[in-house]
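entry05.cif, holding mmCIF, C-alpha atoms:
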data_structure
loop_
_atom_site.label_atom_id
_atom_site.label_comp_id
_atom_site.auth_asym_id
_atom_site.auth_seq_id
_atom_site.Cartn_x
_atom_site.Cartn_y
_atom_site.Cartn_z
CA MET A 1 -29.51 -10.77 -0.36
CA GLU A 2 -26.69 -8.28 -0.72
CA THR A 3 -25.33 -6.80 2.51
CA GLN A 4 -24.44 -3.14 2.93
CA THR A 5 -20.76 -4.05 2.90
CA ALA A 6 -21.12 -6.10 -0.30
CA SER A 7 -22.96 -3.23 -1.97
CA GLU A 8 -20.35 -0.68 -0.87
CA TYR A 9 -17.55 -3.05 -1.88
CA ASN A 10 -19.04 -3.54 -5.34
CA GLU A 11 -19.40 0.23 -5.77
CA VAL A 12 -15.72 0.82 -4.96
CA ILE A 13 -14.55 -2.06 -7.17
CA GLY A 14 -16.77 -0.82 -10.01
CA LEU A 15 -14.97 2.53 -9.88
CA CYS A 16 -11.56 0.82 -9.78
CA LYS A 17 -12.38 -1.56 -12.61
CA GLU A 18 -13.63 1.27 -14.82
CA LEU A 19 -10.37 3.16 -14.26
CA PHE A 20 -8.37 -0.03 -14.95
CA LYS A 21 -10.32 -0.49 -18.20
CA LYS A 22 -9.72 3.12 -19.31
CA LYS A 23 -6.02 2.99 -18.44
CA THR A 24 -5.73 -0.30 -20.35
CA GLN A 25 -7.25 1.49 -23.35
CA ASP A 26 -4.88 4.45 -22.91
CA TYR A 27 -1.63 2.63 -22.06
CA GLY A 28 -2.23 -0.98 -22.99
CA THR A 29 -0.79 -3.42 -20.49
CA SER A 30 2.54 -1.66 -19.99
CA TRP A 31 2.44 -3.02 -16.41
CA ARG A 32 3.25 -6.47 -17.83
CA ILE A 33 6.92 -5.42 -17.81
CA LEU A 34 6.86 -5.08 -14.00
CA ARG A 35 8.09 -7.89 -11.77
CA LEU A 36 6.21 -8.53 -8.52
CA PRO A 37 8.74 -6.63 -6.36
CA SER A 38 8.24 -3.58 -8.60
CA LEU A 39 4.46 -3.82 -8.15
CA THR A 40 4.97 -4.18 -4.40
CA ASP A 41 7.06 -1.00 -4.48
CA GLN A 42 4.36 0.83 -6.48
CA ILE A 43 1.82 -0.08 -3.78
CA PHE A 44 4.34 0.98 -1.13
CA ILE A 45 4.83 4.41 -2.73
CA LYS A 46 1.08 5.02 -2.69
CA ALA A 47 0.60 3.81 0.89
CA GLN A 48 3.61 5.81 2.11
CA ARG A 49 2.25 8.96 0.44
CA ILE A 50 -1.11 8.46 2.15
CA ARG A 51 0.61 8.05 5.52
CA SER A 52 2.78 11.10 4.92
CA ILE A 53 -0.27 13.25 4.10
CA GLN A 54 -2.11 11.87 7.14
CA GLU A 55 0.83 12.78 9.39
CA LYS A 56 1.49 16.22 7.87
CA GLY A 57 -2.17 17.13 7.52
CA GLN A 58 -1.56 18.66 4.10
CA GLN A 59 -0.45 17.74 0.62
CA LYS A 60 1.38 19.55 -2.17
CA VAL A 61 0.50 17.24 -5.08
CA THR A 62 -3.12 17.36 -6.19
CA ASP A 63 -3.73 13.57 -6.46
CA SER A 64 -6.16 12.79 -3.66
CA ILE A 65 -5.83 10.14 -0.96
CA ARG A 66 -8.87 8.50 -2.56
CA ASP A 67 -6.95 8.23 -5.86
CA GLU A 68 -4.05 6.61 -4.04
CA PHE A 69 -6.34 3.98 -2.48
CA ILE A 70 -7.76 3.26 -5.94
CA GLY A 71 -4.17 2.84 -7.13
CA ILE A 72 -3.44 0.41 -4.28
CA ILE A 73 -6.53 -1.63 -5.17
CA ASN A 74 -5.65 -1.81 -8.86
CA TYR A 75 -1.95 -2.51 -8.27
CA CYS A 76 -2.89 -5.36 -5.91
CA ILE A 77 -5.12 -6.79 -8.63
CA ILE A 78 -2.37 -6.29 -11.21
CA ALA A 79 0.04 -8.21 -8.95
CA LEU A 80 -2.48 -11.05 -8.71
CA LEU A 81 -2.95 -10.92 -12.49
CA GLN A 82 0.81 -11.13 -12.97
CA LEU A 83 0.84 -14.29 -10.84
CA ASP A 84 -1.88 -15.77 -13.05
CA LEU A 85 -0.01 -14.73 -16.19
CA LYS A 86 3.50 -15.69 -15.07
CA ASP A 87 3.87 -18.21 -17.93
CA ASP A 88 2.39 -15.83 -20.51
CA ASN A 89 5.12 -13.75 -22.15
CA ARG A 90 2.83 -11.35 -24.01
CA LYS A 91 3.34 -7.70 -23.13
CA GLU A 92 -0.03 -6.66 -24.56
CA ILE A 93 -3.28 -8.30 -23.51
CA ASN A 94 -6.61 -6.69 -24.32
CA PHE A 95 -9.10 -5.78 -21.62
CA LYS A 96 -11.66 -8.32 -22.84
CA GLU A 97 -9.19 -11.10 -22.08
CA LEU A 98 -8.11 -9.55 -18.76
CA GLU A 99 -11.61 -8.79 -17.48
CA PRO A 100 -12.46 -12.38 -16.42
CA LEU A 101 -9.14 -12.62 -14.54
CA TYR A 102 -9.76 -9.24 -12.90
CA ASP A 103 -13.23 -10.43 -11.87
CA LYS A 104 -11.86 -13.77 -10.65
CA TRP A 105 -9.49 -12.05 -8.23
CA VAL A 106 -12.11 -9.52 -7.12
CA ASN A 107 -14.58 -12.34 -6.43
CA ALA A 108 -12.04 -14.43 -4.53
CA THR A 109 -10.98 -11.39 -2.48
CA ARG A 110 -14.59 -10.37 -1.80
CA GLU A 111 -15.29 -13.93 -0.61
CA LEU A 112 -12.29 -13.73 1.72
CA LEU A 113 -13.71 -10.45 3.04
CA ALA A 114 -17.14 -12.01 3.64
CA ASN A 115 -15.56 -14.85 5.62
CA LYS A 116 -13.42 -12.50 7.70
CA ASN A 117 -16.35 -10.12 8.26
CA HIS A 118 -18.34 -13.08 9.57
CA ASP A 119 -15.60 -13.98 12.06
CA TYR A 120 -14.57 -10.45 13.03
CA GLY A 121 -18.00 -8.81 12.98
CA GLU A 122 -16.93 -6.03 10.61
CA ALA A 123 -14.41 -4.70 13.12
CA TRP A 124 -12.88 -2.62 10.32
CA ARG A 125 -15.85 -0.24 10.52
CA SER A 126 -14.56 0.91 13.92
CA MET A 127 -11.00 1.33 12.71
CA ARG A 128 -9.36 4.58 11.67
CA ILE A 129 -8.26 5.07 8.07
CA SER A 130 -4.79 5.85 9.43
CA SER A 131 -4.66 2.46 11.20
CA MET A 132 -5.69 0.66 8.04
CA THR A 133 -3.00 2.57 6.15
CA ASP A 134 -0.46 1.32 8.70
CA ILE A 135 -1.72 -2.25 8.26
CA ILE A 136 -1.31 -1.94 4.49
CA LEU A 137 2.27 -0.73 5.04
CA MET A 138 2.94 -3.61 7.48
CA LYS A 139 1.66 -6.10 4.91
CA LEU A 140 3.89 -4.48 2.29
CA TYR A 141 6.92 -5.03 4.52
CA ARG A 142 5.83 -8.66 4.90
CA VAL A 143 5.54 -9.07 1.12
CA LYS A 144 8.96 -7.46 0.63
CA GLN A 145 10.44 -9.92 3.13
CA ILE A 146 8.77 -12.86 1.38
CA GLU A 147 10.08 -11.57 -1.96
CA ASP A 148 13.57 -11.18 -0.49
CA ASN A 149 13.29 -14.80 0.72
CA ARG A 150 12.36 -15.84 -2.85
CA GLY A 151 8.78 -16.66 -1.86
CA LYS A 152 9.70 -19.05 0.94
CA THR A 153 7.79 -18.87 4.22
CA LEU A 154 7.93 -21.17 7.24
CA VAL A 155 4.52 -20.62 8.84
CA SER A 156 3.17 -17.48 7.21
CA GLU A 157 0.69 -16.96 4.41
CA GLY A 158 2.24 -16.05 1.09
CA VAL A 159 2.07 -13.01 -1.13
CA VAL A 160 -1.39 -13.79 -2.56
CA ALA A 161 -3.10 -13.53 0.85
CA ASN A 162 -1.19 -10.33 1.62
CA TYR A 163 -2.15 -8.70 -1.69
CA GLN A 164 -5.77 -9.70 -1.04
CA ASP A 165 -5.68 -8.26 2.49
CA MET A 166 -4.17 -4.99 1.24
CA LEU A 167 -6.83 -4.82 -1.47
CA ASN A 168 -9.57 -5.31 1.12
CA TYR A 169 -8.14 -2.74 3.53
CA ALA A 170 -7.89 -0.20 0.68
CA VAL A 171 -11.55 -0.89 -0.19
CA PHE A 172 -12.46 -0.39 3.50
CA CYS A 173 -10.65 2.95 3.44
CA MET A 174 -12.57 3.99 0.33
CA ILE A 175 -15.86 3.00 1.99
CA LYS A 176 -14.95 5.02 5.08
CA LEU A 177 -13.91 8.02 2.96
CA ASN A 178 -17.27 7.81 1.16
CA GLU A 179 -19.08 7.71 4.53
CA ASN A 180 -17.13 10.78 5.68
CA ASP A 181 -18.32 12.62 2.56
CA HIS A 182 -21.99 12.11 3.51
#

With the file now loaded, output its structure as structure tokens.
Amino acid sequence: METQTASEYNEVIGLCKELFKKKTQDYGTSWRILRLPSLTDQIFIKAQRIRSIQEKGQQKVTDSIRDEFIGIINYCIIALLQLDLKDDNRKEINFKELEPLYDKWVNATRELLANKNHDYGEAWRSMRISSMTDIILMKLYRVKQIEDNRGKTLVSEGVVANYQDMLNYAVFCMIKLNENDH
């Protein structure tokens, strides 16, 4: 039986995956040139823009906050894909080959969400979008520190768990934005 959260999650991911597919058709896999710190910075730019709009209460560029969360989700998945493909030097990979890897990371991240939702009782539903944006930014600073330390951590989870958490928080924000629209 699919829960409400799983259904909402799948709806958001479906939208993100469709955009990823279309952009892959338009641009190919130009993102293959990016190193992980560059992907981290791309996610940071999007999260920082969201926070700036939240604080100012207005925006001057037409891209919506929703579009920025979709970008965060897809850039997190791209970072995870880059980790999977680190020994693959091809710059161009077709969507058919990428799709199972995309799905693998979505499924692993959704499973992580289900486990955390079990333990935390879906606490995220009571959180503000602005708080979740701050958590994404905090996790970005953690990833930047891990990257600056060349991936070494003493007691902390690594970049994979942080990318997955950011992906899940961005999905939560999309779900909450969708609820606010109804």

Contacts of region 87-112 of chain A with region 117-133 of chain A up to 12 Å, shortest pair per row, only C-alpha atoms, as a tab-separated table:
residue	atom	partner	partner_atom	distance
A:Arg110	CA	A:Asn117	CA	10.2
A:Glu111	CA	A:Asn117	CA	9.7
A:Leu112	CA	A:Asn117	CA	8.5

Which residue is closest to Phe172 (chain A)? Choose from A:Leu98, A:Ile33, A:Ile136, A:Leu19 and count all atoms listed in the file.
A:Ile136

Take the PyMOL selection byres ((chain A and resi 71) around 10), run it mentally on this structure, and tell me the resulting residues as a PyMOL selection string.
chain A and resi 16+19-20+42-43+46-47+65-70+72-77+167+170

Apply the PyMOL selection byres ((chain A and resi 156-166) around 9) to the file shown and report the selected residues as a ChimeraX atom specification.
/A:40,72-73,76-77,79-80,83,105-106,108-110,112-113,132,135-137,139-140,142-143,146-147,151-155,167-171

What is the CA of Thr5 (chain A) to CA of Ile175 (chain A) distance in Å?
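Going from CA of Thr5 (chain A) over to CA of Ile175 (chain A), I get 8.6 Å.
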
Chain and number of each residue from the PyMOL selection byres ((chain A and resi 85) around 12), as a ChimeraX atom specification:
/A:31-33,35-36,78-84,86-93,97-98,101-102

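The two atoms in question, CA of Asn94 (chain A) and CA of Thr29 (chain A), are spaced 7.7 Å apart.
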
In terms of all atoms listed in the file, the residue from A:Tyr141, A:Met174, A:Ser52, A:Asn180 at minimal distance from Glu8 (chain A) is A:Met174

Expressed in Å, the length from CA of Leu15 (chain A) to CA of Pro37 (chain A) is 25.7 Å

From the set A:Lys116, A:Lys96, A:Lys60, A:Arg49, which residue has the shortest atom-to-atom contact distance to Gly28 (chain A), counting all atoms listed in the file?
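Counting all atoms listed in the file, the residue closest to Gly28 (chain A) is A:Lys96.
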
Check the smallest atom-to-atom distance from each of A:Ser38, A:Ser64, A:Asn115, A:Gln145 to Leu177 (chain A) using all atoms listed in the file, then report the winner.
A:Ser64

For Glu55 (chain A), which residue out of A:Asp134, A:Glu11, A:Asp41, A:Glu179 is the nearest one, using only C-alpha atoms?
A:Asp134

Can you work out which one of A:Asp103, A:Asp148, A:Asp63, A:Asp181 has the shortest atom-to-atom distance to Ile13 (chain A), counting all atoms listed in the file?
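The shortest atom-to-atom distance to Ile13 (chain A) comes from A:Asp103.
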
Provide an axis-aligned box for all listed atoms of region 116-131 of chain A, padding each side by 8 Å; report its centre and its edge lengths in Å to one decimal, as lines of an AutoDock Vina configuration file.
center_x = -11.5
center_y = -4.1
center_z = 10.8
size_x = 29.7
size_y = 35.8
size_z = 22.2
